[in-house]
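Structure file work-v1.pdb (PDB, C-alpha atoms) follows.
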ATOM      1  CA  MET U   1      30.868 139.929  27.635
ATOM      2  CA  GLU U   2      27.604 139.498  29.533
ATOM      3  CA  GLU U   3      26.650 141.103  32.814
ATOM      4  CA  VAL U   4      23.385 141.155  34.728
ATOM      5  CA  TYR U   5      22.745 144.669  35.983
ATOM      6  CA  SER U   6      20.319 145.214  38.851
ATOM      7  CA  THR U   7      19.679 148.418  40.764
ATOM      8  CA  HIS U   8      16.724 150.243  42.294
ATOM      9  CA  GLY U   9      14.481 147.316  41.391
ATOM     10  CA  ILE U  10      15.413 147.474  37.699
ATOM     11  CA  GLU U  11      17.121 144.482  36.120
ATOM     12  CA  CYS U  12      18.580 144.015  32.657
ATOM     13  CA  LYS U  13      21.362 142.170  30.864
ATOM     14  CA  ILE U  14      24.322 143.936  29.284
ATOM     15  CA  HIS U  15      26.135 142.362  26.325
ATOM     16  CA  VAL U  16      29.218 143.992  24.787
ATOM     17  CA  TYR U  17      30.367 143.209  21.234
ATOM     18  CA  GLY U  18      33.543 144.429  19.575
ATOM     19  CA  ASP U  19      37.148 145.261  20.361
ATOM     20  CA  THR U  20      37.213 146.790  23.832
ATOM     21  CA  THR U  21      40.933 147.585  23.689
ATOM     22  CA  ARG U  22      40.764 150.286  20.996
ATOM     23  CA  CYS U  23      39.485 153.869  20.936
ATOM     24  CA  LEU U  24      36.158 153.463  19.131
ATOM     25  CA  PRO U  25      32.622 154.842  18.982
ATOM     26  CA  VAL U  26      30.201 153.049  21.294
ATOM     27  CA  VAL U  27      26.638 152.294  20.261
ATOM     28  CA  TYR U  28      24.048 151.675  22.977
ATOM     29  CA  VAL U  29      20.987 149.738  21.840
ATOM     30  CA  HIS U  30      17.980 148.552  23.836
ATOM     31  CA  THR U  31      16.693 145.221  22.578
ATOM     32  CA  PHE U  32      13.589 143.195  23.286
ATOM     33  CA  GLU U  33      14.609 139.593  22.674
ATOM     34  CA  ASN U  34      18.405 139.533  22.875
ATOM     35  CA  GLN U  35      18.953 140.673  19.292
ATOM     36  CA  GLY U  36      22.342 142.215  19.957
ATOM     37  CA  ARG U  37      24.341 139.428  18.341
ATOM     38  CA  GLU U  38      22.195 139.590  15.217
ATOM     39  CA  ILE U  39      22.488 143.385  15.044
ATOM     40  CA  TRP U  40      26.253 143.095  15.452
ATOM     41  CA  ASN U  41      26.533 140.435  12.728
ATOM     42  CA  GLU U  42      24.391 142.454  10.329
ATOM     43  CA  SER U  43      26.425 145.617  10.898
ATOM     44  CA  CYS U  44      29.613 143.653  10.215
ATOM     45  CA  LYS U  45      28.130 142.414   6.922
ATOM     46  CA  MET U  46      27.375 146.048   6.050
ATOM     47  CA  GLN U  47      31.011 146.910   6.776
ATOM     48  CA  ALA U  48      30.045 149.421   9.421
ATOM     49  CA  ARG U  49      32.782 151.589  10.831
ATOM     50  CA  GLN U  50      34.513 149.761  13.670
ATOM     51  CA  HIS U  51      32.694 150.288  16.948
ATOM     52  CA  VAL U  52      31.650 148.653  20.185
ATOM     53  CA  LEU U  53      28.016 147.621  20.506
ATOM     54  CA  VAL U  54      26.503 147.643  23.987
ATOM     55  CA  GLU U  55      23.204 145.780  24.121
ATOM     56  CA  ILE U  56      20.766 146.422  26.966
ATOM     57  CA  ASP U  57      18.291 143.545  27.013
ATOM     58  CA  GLY U  58      15.447 142.485  29.265
ATOM     59  CA  LEU U  59      14.312 145.910  30.441
ATOM     60  CA  ASP U  60      10.588 146.461  31.035
ATOM     61  CA  TRP U  61      10.064 148.542  27.884
ATOM     62  CA  ASP U  62       6.469 149.617  28.452
ATOM     63  CA  ASN U  63       7.443 151.309  31.675
ATOM     64  CA  TYR U  64      11.125 152.305  31.495
ATOM     65  CA  LEU U  65      11.295 153.413  27.866
ATOM     66  CA  ALA U  66       7.998 155.324  27.927
ATOM     67  CA  PRO U  67       8.625 159.048  28.534
ATOM     68  CA  TRP U  68       5.419 159.820  30.446
ATOM     69  CA  PRO U  69       2.346 157.912  31.645
ATOM     70  CA  THR U  70      -0.511 157.114  29.282
ATOM     71  CA  GLU U  71      -3.995 155.768  29.560
ATOM     72  CA  GLN U  72      -4.584 152.307  28.140
ATOM     73  CA  LEU U  73      -3.799 152.667  24.432
ATOM     74  CA  PHE U  74      -4.377 149.118  23.226
ATOM     75  CA  LYS U  75      -6.867 146.479  24.233
ATOM     76  CA  ASN U  76      -4.456 143.889  25.608
ATOM     77  CA  ASN U  77      -1.841 146.250  27.012
ATOM     78  CA  PRO U  78      -1.943 148.013  30.399
ATOM     79  CA  PRO U  79      -1.285 151.761  30.639
ATOM     80  CA  MET U  80       2.368 152.757  30.353
ATOM     81  CA  ARG U  81       3.822 154.176  33.565
ATOM     82  CA  GLY U  82       6.264 156.583  31.928
ATOM     83  CA  ARG U  83       9.450 155.918  33.898
ATOM     84  CA  ALA U  84      11.954 156.709  31.133
ATOM     85  CA  GLY U  85      13.390 159.583  33.162
ATOM     86  CA  GLU U  86      14.202 157.219  35.999
ATOM     87  CA  TRP U  87      15.907 154.772  33.633
ATOM     88  CA  LEU U  88      17.858 157.489  31.803
ATOM     89  CA  ARG U  89      19.279 158.764  35.097
ATOM     90  CA  LEU U  90      20.449 155.256  35.946
ATOM     91  CA  LEU U  91      21.737 154.655  32.431
ATOM     92  CA  GLU U  92      23.765 157.856  32.407
ATOM     93  CA  GLY U  93      24.794 157.830  36.045
ATOM     94  CA  GLU U  94      25.506 154.159  36.718
ATOM     95  CA  VAL U  95      25.241 151.796  33.749
ATOM     96  CA  ILE U  96      27.295 153.713  31.186
ATOM     97  CA  PRO U  97      30.132 154.562  33.616
ATOM     98  CA  ALA U  98      30.309 150.907  34.680
ATOM     99  CA  VAL U  99      30.406 149.681  31.074
ATOM    100  CA  GLU U 100      32.880 152.301  29.921
ATOM    101  CA  ALA U 101      35.297 151.625  32.764
ATOM    102  CA  GLN U 102      36.794 149.027  30.405
ATOM    103  CA  LEU U 103      36.312 150.913  27.113
ATOM    104  CA  HIS U 104      38.028 153.750  25.233
ATOM    105  CA  VAL U 105      35.214 155.910  23.890
ATOM    106  CA  THR U 106      35.412 158.447  21.058
ATOM    107  CA  HIS U 107      31.661 159.044  20.513
ATOM    108  CA  ARG U 108      28.378 157.593  21.727
ATOM    109  CA  VAL U 109      25.351 156.692  19.633
ATOM    110  CA  ILE U 110      22.003 155.570  21.026
ATOM    111  CA  ALA U 111      19.890 153.277  18.876
ATOM    112  CA  GLY U 112      16.603 151.480  19.200
ATOM    113  CA  TYR U 113      13.664 149.886  17.446
ATOM    114  CA  SER U 114       9.994 150.635  18.108
ATOM    115  CA  LEU U 115       9.541 152.077  21.622
ATOM    116  CA  ALA U 116      13.325 151.968  22.067
ATOM    117  CA  GLY U 117      13.569 154.228  19.005
ATOM    118  CA  LEU U 118      11.254 156.719  20.683
ATOM    119  CA  PHE U 119      13.380 156.529  23.837
ATOM    120  CA  ALA U 120      16.558 157.090  21.824
ATOM    121  CA  LEU U 121      15.269 160.375  20.407
ATOM    122  CA  TRP U 122      13.628 161.473  23.660
ATOM    123  CA  SER U 123      16.879 160.855  25.546
ATOM    124  CA  ALA U 124      18.649 163.488  23.432
ATOM    125  CA  TYR U 125      16.290 166.057  24.939
ATOM    126  CA  ASN U 126      17.374 165.052  28.420
ATOM    127  CA  THR U 127      21.103 164.354  28.142
ATOM    128  CA  GLY U 128      23.910 165.585  25.936
ATOM    129  CA  ILE U 129      26.046 162.456  25.941
ATOM    130  CA  PHE U 130      24.937 160.982  22.597
ATOM    131  CA  ALA U 131      26.426 162.287  19.353
ATOM    132  CA  GLY U 132      24.068 160.268  17.166
ATOM    133  CA  VAL U 133      20.507 158.948  17.376
ATOM    134  CA  VAL U 134      19.129 155.940  15.478
ATOM    135  CA  ALA U 135      15.352 155.482  15.683
ATOM    136  CA  CYS U 136      14.090 152.581  13.583
ATOM    137  CA  SER U 137      10.315 152.180  13.372
ATOM    138  CA  GLY U 138      10.175 154.565  16.321
ATOM    139  CA  SER U 139       6.894 154.774  18.236
ATOM    140  CA  PHE U 140       6.300 158.391  17.322
ATOM    141  CA  TRP U 141       2.555 157.797  17.523
ATOM    142  CA  TYR U 142       3.117 158.117  21.272
ATOM    143  CA  PRO U 143       0.605 160.605  22.732
ATOM    144  CA  ASP U 144       1.864 164.207  22.877
ATOM    145  CA  PHE U 145       5.353 163.402  21.600
ATOM    146  CA  ILE U 146       5.248 165.883  18.718
ATOM    147  CA  SER U 147       4.028 168.572  21.130
ATOM    148  CA  TYR U 148       6.930 167.697  23.410
ATOM    149  CA  VAL U 149       9.404 168.149  20.555
ATOM    150  CA  GLN U 150       7.879 171.499  19.639
ATOM    151  CA  ALA U 151       8.166 172.739  23.229
ATOM    152  CA  HIS U 152      11.683 171.547  24.084
ATOM    153  CA  ASP U 153      15.275 171.898  22.909
ATOM    154  CA  PHE U 154      17.992 169.275  22.809
ATOM    155  CA  VAL U 155      20.469 169.438  25.680
ATOM    156  CA  THR U 156      23.119 169.219  22.960
ATOM    157  CA  PRO U 157      21.905 168.746  19.363
ATOM    158  CA  PRO U 158      23.045 165.376  17.988
ATOM    159  CA  SER U 159      25.423 165.400  15.038
ATOM    160  CA  CYS U 160      23.119 163.050  13.149
ATOM    161  CA  ILE U 161      19.684 161.462  13.430
ATOM    162  CA  TYR U 162      18.473 158.413  11.506
ATOM    163  CA  PHE U 163      14.836 157.446  11.011
ATOM    164  CA  SER U 164      13.347 154.466   9.205
ATOM    165  CA  LEU U 165      10.009 152.727   8.809
ATOM    166  CA  GLY U 166       8.526 149.796   6.959
ATOM    167  CA  ASP U 167       6.343 150.767   4.020
ATOM    168  CA  LYS U 168       3.418 148.752   5.409
ATOM    169  CA  GLU U 169       3.478 150.157   8.942
ATOM    170  CA  THR U 170       0.586 152.520   8.322
ATOM    171  CA  ARG U 171      -1.663 149.897   6.732
ATOM    172  CA  LEU U 172      -3.423 149.156   9.994
ATOM    173  CA  LYS U 173      -6.917 149.610  11.368
ATOM    174  CA  ASN U 174      -5.572 151.334  14.473
ATOM    175  CA  PRO U 175      -5.853 155.118  13.992
ATOM    176  CA  VAL U 176      -3.162 155.805  16.584
ATOM    177  CA  LEU U 177      -0.501 153.631  14.952
ATOM    178  CA  ASN U 178      -1.407 154.864  11.486
ATOM    179  CA  THR U 179       0.040 158.296  12.297
ATOM    180  CA  VAL U 180       3.584 156.969  12.592
ATOM    181  CA  GLU U 181       4.830 157.696   9.053
ATOM    182  CA  GLU U 182       3.377 161.191   8.975
ATOM    183  CA  ARG U 183       4.968 161.988  12.324
ATOM    184  CA  THR U 184       8.313 160.411  11.477
ATOM    185  CA  ARG U 185       8.541 162.409   8.263
ATOM    186  CA  TRP U 186       7.611 165.556  10.180
ATOM    187  CA  LEU U 187      10.422 164.908  12.667
ATOM    188  CA  CYS U 188      12.916 164.358   9.859
ATOM    189  CA  GLU U 189      11.975 167.654   8.218
ATOM    190  CA  HIS U 190      11.998 169.436  11.577
ATOM    191  CA  TYR U 191      15.546 168.392  12.417
ATOM    192  CA  SER U 192      16.789 168.949   8.888
ATOM    193  CA  SER U 193      15.497 172.528   9.092
ATOM    194  CA  MET U 194      17.579 172.929  12.256
ATOM    195  CA  GLY U 195      20.711 172.021  10.292
ATOM    196  CA  ILE U 196      21.069 168.563  11.837
ATOM    197  CA  ASN U 197      22.268 165.799   9.507
ATOM    198  CA  THR U 198      19.030 163.800   9.306
ATOM    199  CA  VAL U 199      17.828 161.013   7.041
ATOM    200  CA  PHE U 200      14.647 158.984   6.627
ATOM    201  CA  GLN U 201      14.663 155.590   4.927
ATOM    202  CA  LEU U 202      11.659 153.485   3.975
ATOM    203  CA  ASN U 203      12.118 149.712   4.124
ATOM    204  CA  ASN U 204       9.979 146.934   2.711
ATOM    205  CA  GLY U 205       7.502 145.307   5.050
ATOM    206  CA  ASN U 206       5.592 145.840   8.250
ATOM    207  CA  HIS U 207       6.736 146.725  11.754
ATOM    208  CA  TYR U 208       7.931 143.230  12.588
ATOM    209  CA  GLN U 209      10.109 142.464   9.586
ATOM    210  CA  GLN U 210      13.916 142.451   9.835
ATOM    211  CA  PRO U 211      14.268 144.589  12.981
ATOM    212  CA  ALA U 212      17.916 143.609  13.491
ATOM    213  CA  TRP U 213      18.826 144.325   9.869
ATOM    214  CA  ARG U 214      17.010 147.656   9.936
ATOM    215  CA  THR U 215      18.709 148.642  13.181
ATOM    216  CA  ALA U 216      22.120 147.672  11.828
ATOM    217  CA  ARG U 217      21.432 149.728   8.707
ATOM    218  CA  GLY U 218      20.758 152.779  10.840
ATOM    219  CA  ILE U 219      23.812 152.219  13.011
ATOM    220  CA  THR U 220      25.981 151.823   9.919
ATOM    221  CA  TRP U 221      24.736 155.143   8.540
ATOM    222  CA  ALA U 222      25.183 156.991  11.831
ATOM    223  CA  LEU U 223      28.732 155.773  12.349
ATOM    224  CA  ARG U 224      29.700 157.035   8.897
ATOM    225  CA  GLN U 225      28.547 160.534   9.853
ATOM    226  CA  LEU U 226      30.699 160.859  12.994
TER     227      LEU U 226
END
Translate this file's structure into structure tokens.
Amino acid sequence: MEEVYSTHGIECKIHVYGDTTRCLPVVYVHTFENQGREIWNESCKMQARQHVLVEIDGLDWDNYLAPWPTEQLFKNNPPMRGRAGEWLRLLEGEVIPAVEAQLHVTHRVIAGYSLAGLFALWSAYNTGIFAGVVACSGSFWYPDFISYVQAHDFVTPPSCIYFSLGDKETRLKNPVLNTVEERTRWLCEHYSSMGINTVFQLNNGNHYQQPAWRTARGITWALRQL
């Protein structure tokens, strides 16, 4: 199923994969280049627990998945406007109810890669509707994110949290991006100490290798924990 969703000046495409007639967990994943089909196929190869995958594609990531505004962080990228709160309100209040009007939901998981991984974890601090979080190569270098985690509590602690990175993601000249493994490992230890079922997995390669496979791997793990 494909639907174009447009509201309040925000437009994206929604793709739904899986059996919509059964009571199943639903995984929401933000994608950058319509990778939902590939993520779905990879999760099927991994024999993931049966679920429905809801792909949200085409969103302006740098603005609507960024939790707060930043100055210009990279030479060829404009400052991020930090409108994740606006998008999360629409996601929870309008998009999810519209999608789930034709589903039978047991649990919800939110998943994402890169900045969408950051958004997935940040969203759990601002809504209690997700039982699991999957953050693959999450942008935890984002300014002040660790301070945010230290100062806030989850609305409802997730049952499980999955982190992963590529083993070459810190081999960069950029000092901001090079903090990502240290920060991801810190987050994993932080949530584990809270008693949350948390795992960190290191994959081969850099940030751009096998994003669909890595995301499917995280989704497969999270679904087994629910």
- Query: On this structure, which residues satisfy the PyMOL selection byres ((chain U and resi 24-32) around 8), written as a count of residues only?
  - Reply: 30
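Of the listed residues U:Cys136, U:Ile10, U:Val16, U:Leu187, the one whose atoms come nearest to U:Asn63 is U:Ile10, with distances taken using all atoms listed in the file.
Closest approach to U:Ser137 among U:Cys160, U:Cys12, U:Leu118, U:Ala124 is made by U:Leu118 (distances from only C-alpha atoms).
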- Task: Expand the PyMOL selection byres ((chain U and resi 157) around 8) into the individual residues it matches in the shown file, reporting them as a PyMOL selection string.
- Result: chain U and resi 124+128+131+154-156+158-159+196
Apply the PyMOL selection byres ((chain U and resi 162) around 10) to the file shown and report the selected residues as a short mmCIF file (atom, residue, chain, number, x, y, z; two decimals) with C-alpha atoms, keeping the file's coordinate frame.
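Written out: part-v1.cif:
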data_model
loop_
_atom_site.label_atom_id
_atom_site.label_comp_id
_atom_site.auth_asym_id
_atom_site.auth_seq_id
_atom_site.Cartn_x
_atom_site.Cartn_y
_atom_site.Cartn_z
CA ALA U 111 19.89 153.28 18.88
CA GLY U 117 13.57 154.23 19.00
CA LEU U 121 15.27 160.38 20.41
CA GLY U 132 24.07 160.27 17.17
CA VAL U 133 20.51 158.95 17.38
CA VAL U 134 19.13 155.94 15.48
CA ALA U 135 15.35 155.48 15.68
CA CYS U 136 14.09 152.58 13.58
CA CYS U 160 23.12 163.05 13.15
CA ILE U 161 19.68 161.46 13.43
CA PHE U 163 14.84 157.45 11.01
CA SER U 164 13.35 154.47 9.20
CA CYS U 188 12.92 164.36 9.86
CA ASN U 197 22.27 165.80 9.51
CA THR U 198 19.03 163.80 9.31
CA VAL U 199 17.83 161.01 7.04
CA PHE U 200 14.65 158.98 6.63
CA GLN U 201 14.66 155.59 4.93
CA THR U 215 18.71 148.64 13.18
CA ARG U 217 21.43 149.73 8.71
CA GLY U 218 20.76 152.78 10.84
CA ILE U 219 23.81 152.22 13.01
CA TRP U 221 24.74 155.14 8.54
CA ALA U 222 25.18 156.99 11.83
#
Complete stretch 178-189 of chain U at the level of all heavy atoms, written as a PDB file, keeping the file's coordinate frame.
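Okay, out.pdb is ready:
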ATOM      1  N   ASN U 178      -1.455 154.423  12.879  1.00  0.00           N
ATOM      2  CA  ASN U 178      -1.407 154.864  11.486  1.00  0.00           C
ATOM      3  C   ASN U 178      -0.804 156.251  11.307  1.00  0.00           C
ATOM      4  O   ASN U 178      -0.536 156.667  10.179  1.00  0.00           O
ATOM      5  CB  ASN U 178      -2.808 154.841  10.872  1.00  0.00           C
ATOM      6  CG  ASN U 178      -3.198 153.457  10.392  1.00  0.00           C
ATOM      7  OD1 ASN U 178      -2.348 152.574  10.251  1.00  0.00           O
ATOM      8  ND2 ASN U 178      -4.469 153.249  10.153  1.00  0.00           N
ATOM      9  N   THR U 179      -0.569 156.964  12.384  1.00  0.00           N
ATOM     10  CA  THR U 179       0.040 158.296  12.297  1.00  0.00           C
ATOM     11  C   THR U 179       1.560 158.235  12.233  1.00  0.00           C
ATOM     12  O   THR U 179       2.211 159.275  12.066  1.00  0.00           O
ATOM     13  CB  THR U 179      -0.357 159.163  13.508  1.00  0.00           C
ATOM     14  OG1 THR U 179       0.195 158.581  14.719  1.00  0.00           O
ATOM     15  CG2 THR U 179      -1.872 159.262  13.639  1.00  0.00           C
ATOM     16  N   VAL U 180       2.143 157.048  12.354  1.00  0.00           N
ATOM     17  CA  VAL U 180       3.584 156.969  12.592  1.00  0.00           C
ATOM     18  C   VAL U 180       4.405 157.499  11.414  1.00  0.00           C
ATOM     19  O   VAL U 180       5.422 158.185  11.620  1.00  0.00           O
ATOM     20  CB  VAL U 180       4.001 155.531  12.963  1.00  0.00           C
ATOM     21  CG1 VAL U 180       3.829 154.572  11.787  1.00  0.00           C
ATOM     22  CG2 VAL U 180       5.421 155.506  13.497  1.00  0.00           C
ATOM     23  N   GLU U 181       4.015 157.210  10.167  1.00  0.00           N
ATOM     24  CA  GLU U 181       4.830 157.696   9.053  1.00  0.00           C
ATOM     25  C   GLU U 181       4.737 159.211   8.923  1.00  0.00           C
ATOM     26  O   GLU U 181       5.758 159.885   8.717  1.00  0.00           O
ATOM     27  CB  GLU U 181       4.422 157.035   7.739  1.00  0.00           C
ATOM     28  CG  GLU U 181       5.313 157.471   6.578  1.00  0.00           C
ATOM     29  CD  GLU U 181       5.090 156.701   5.301  1.00  0.00           C
ATOM     30  OE1 GLU U 181       4.508 155.585   5.355  1.00  0.00           O
ATOM     31  OE2 GLU U 181       5.500 157.194   4.237  1.00  0.00           O
ATOM     32  N   GLU U 182       3.551 159.736   9.043  1.00  0.00           N
ATOM     33  CA  GLU U 182       3.377 161.191   8.975  1.00  0.00           C
ATOM     34  C   GLU U 182       4.228 161.889  10.036  1.00  0.00           C
ATOM     35  O   GLU U 182       4.912 162.883   9.756  1.00  0.00           O
ATOM     36  CB  GLU U 182       1.906 161.548   9.167  1.00  0.00           C
ATOM     37  CG  GLU U 182       1.622 163.035   9.217  1.00  0.00           C
ATOM     38  CD  GLU U 182       0.180 163.344   9.577  1.00  0.00           C
ATOM     39  OE1 GLU U 182      -0.628 162.400   9.697  1.00  0.00           O
ATOM     40  OE2 GLU U 182      -0.131 164.536   9.763  1.00  0.00           O
ATOM     41  N   ARG U 183       4.218 161.360  11.230  1.00  0.00           N
ATOM     42  CA  ARG U 183       4.968 161.988  12.324  1.00  0.00           C
ATOM     43  C   ARG U 183       6.476 161.805  12.164  1.00  0.00           C
ATOM     44  O   ARG U 183       7.239 162.710  12.479  1.00  0.00           O
ATOM     45  CB  ARG U 183       4.487 161.431  13.667  1.00  0.00           C
ATOM     46  CG  ARG U 183       3.045 161.800  13.966  1.00  0.00           C
ATOM     47  CD  ARG U 183       2.609 161.351  15.332  1.00  0.00           C
ATOM     48  NE  ARG U 183       1.231 161.781  15.598  1.00  0.00           N
ATOM     49  CZ  ARG U 183       0.685 161.801  16.808  1.00  0.00           C
ATOM     50  NH1 ARG U 183       1.386 161.410  17.862  1.00  0.00           N
ATOM     51  NH2 ARG U 183      -0.555 162.192  16.968  1.00  0.00           N
ATOM     52  N   THR U 184       6.880 160.638  11.689  1.00  0.00           N
ATOM     53  CA  THR U 184       8.313 160.411  11.477  1.00  0.00           C
ATOM     54  C   THR U 184       8.852 161.341  10.396  1.00  0.00           C
ATOM     55  O   THR U 184       9.937 161.921  10.539  1.00  0.00           O
ATOM     56  CB  THR U 184       8.575 158.946  11.101  1.00  0.00           C
ATOM     57  OG1 THR U 184       8.053 158.089  12.117  1.00  0.00           O
ATOM     58  CG2 THR U 184      10.071 158.685  10.951  1.00  0.00           C
ATOM     59  N   ARG U 185       8.108 161.489   9.322  1.00  0.00           N
ATOM     60  CA  ARG U 185       8.541 162.409   8.263  1.00  0.00           C
ATOM     61  C   ARG U 185       8.562 163.854   8.770  1.00  0.00           C
ATOM     62  O   ARG U 185       9.455 164.627   8.403  1.00  0.00           O
ATOM     63  CB  ARG U 185       7.616 162.273   7.047  1.00  0.00           C
ATOM     64  CG  ARG U 185       7.806 160.959   6.286  1.00  0.00           C
ATOM     65  CD  ARG U 185       6.974 160.942   5.013  1.00  0.00           C
ATOM     66  NE  ARG U 185       7.096 159.689   4.277  1.00  0.00           N
ATOM     67  CZ  ARG U 185       8.069 159.411   3.429  1.00  0.00           C
ATOM     68  NH1 ARG U 185       9.027 160.317   3.201  1.00  0.00           N
ATOM     69  NH2 ARG U 185       8.112 158.256   2.786  1.00  0.00           N
ATOM     70  N   TRP U 186       7.615 164.203   9.596  1.00  0.00           N
ATOM     71  CA  TRP U 186       7.611 165.556  10.180  1.00  0.00           C
ATOM     72  C   TRP U 186       8.866 165.778  11.011  1.00  0.00           C
ATOM     73  O   TRP U 186       9.512 166.839  10.921  1.00  0.00           O
ATOM     74  CB  TRP U 186       6.367 165.775  11.042  1.00  0.00           C
ATOM     75  CG  TRP U 186       6.285 167.175  11.591  1.00  0.00           C
ATOM     76  CD1 TRP U 186       5.670 168.250  11.023  1.00  0.00           C
ATOM     77  CD2 TRP U 186       6.878 167.648  12.817  1.00  0.00           C
ATOM     78  NE1 TRP U 186       5.834 169.367  11.806  1.00  0.00           N
ATOM     79  CE2 TRP U 186       6.574 169.033  12.911  1.00  0.00           C
ATOM     80  CE3 TRP U 186       7.626 167.056  13.833  1.00  0.00           C
ATOM     81  CZ2 TRP U 186       6.987 169.819  13.994  1.00  0.00           C
ATOM     82  CZ3 TRP U 186       8.051 167.835  14.907  1.00  0.00           C
ATOM     83  CH2 TRP U 186       7.736 169.196  14.983  1.00  0.00           C
ATOM     84  N   LEU U 187       9.224 164.799  11.831  1.00  0.00           N
ATOM     85  CA  LEU U 187      10.422 164.908  12.667  1.00  0.00           C
ATOM     86  C   LEU U 187      11.670 165.065  11.805  1.00  0.00           C
ATOM     87  O   LEU U 187      12.544 165.884  12.109  1.00  0.00           O
ATOM     88  CB  LEU U 187      10.548 163.674  13.565  1.00  0.00           C
ATOM     89  CG  LEU U 187       9.541 163.570  14.714  1.00  0.00           C
ATOM     90  CD1 LEU U 187       9.530 162.169  15.294  1.00  0.00           C
ATOM     91  CD2 LEU U 187       9.850 164.596  15.804  1.00  0.00           C
ATOM     92  N   CYS U 188      11.757 164.278  10.738  1.00  0.00           N
ATOM     93  CA  CYS U 188      12.916 164.358   9.859  1.00  0.00           C
ATOM     94  C   CYS U 188      13.042 165.756   9.267  1.00  0.00           C
ATOM     95  O   CYS U 188      14.135 166.351   9.265  1.00  0.00           O
ATOM     96  CB  CYS U 188      12.796 163.314   8.760  1.00  0.00           C
ATOM     97  SG  CYS U 188      14.244 163.211   7.689  1.00  0.00           S
ATOM     98  N   GLU U 189      11.950 166.306   8.787  1.00  0.00           N
ATOM     99  CA  GLU U 189      11.975 167.654   8.218  1.00  0.00           C
ATOM    100  C   GLU U 189      12.293 168.698   9.283  1.00  0.00           C
ATOM    101  O   GLU U 189      13.024 169.667   9.029  1.00  0.00           O
ATOM    102  CB  GLU U 189      10.631 167.953   7.556  1.00  0.00           C
ATOM    103  CG  GLU U 189      10.371 167.111   6.314  1.00  0.00           C
ATOM    104  CD  GLU U 189       8.984 167.353   5.733  1.00  0.00           C
ATOM    105  OE1 GLU U 189       8.283 168.262   6.243  1.00  0.00           O
ATOM    106  OE2 GLU U 189       8.619 166.652   4.778  1.00  0.00           O
TER     107      GLU U 189
END
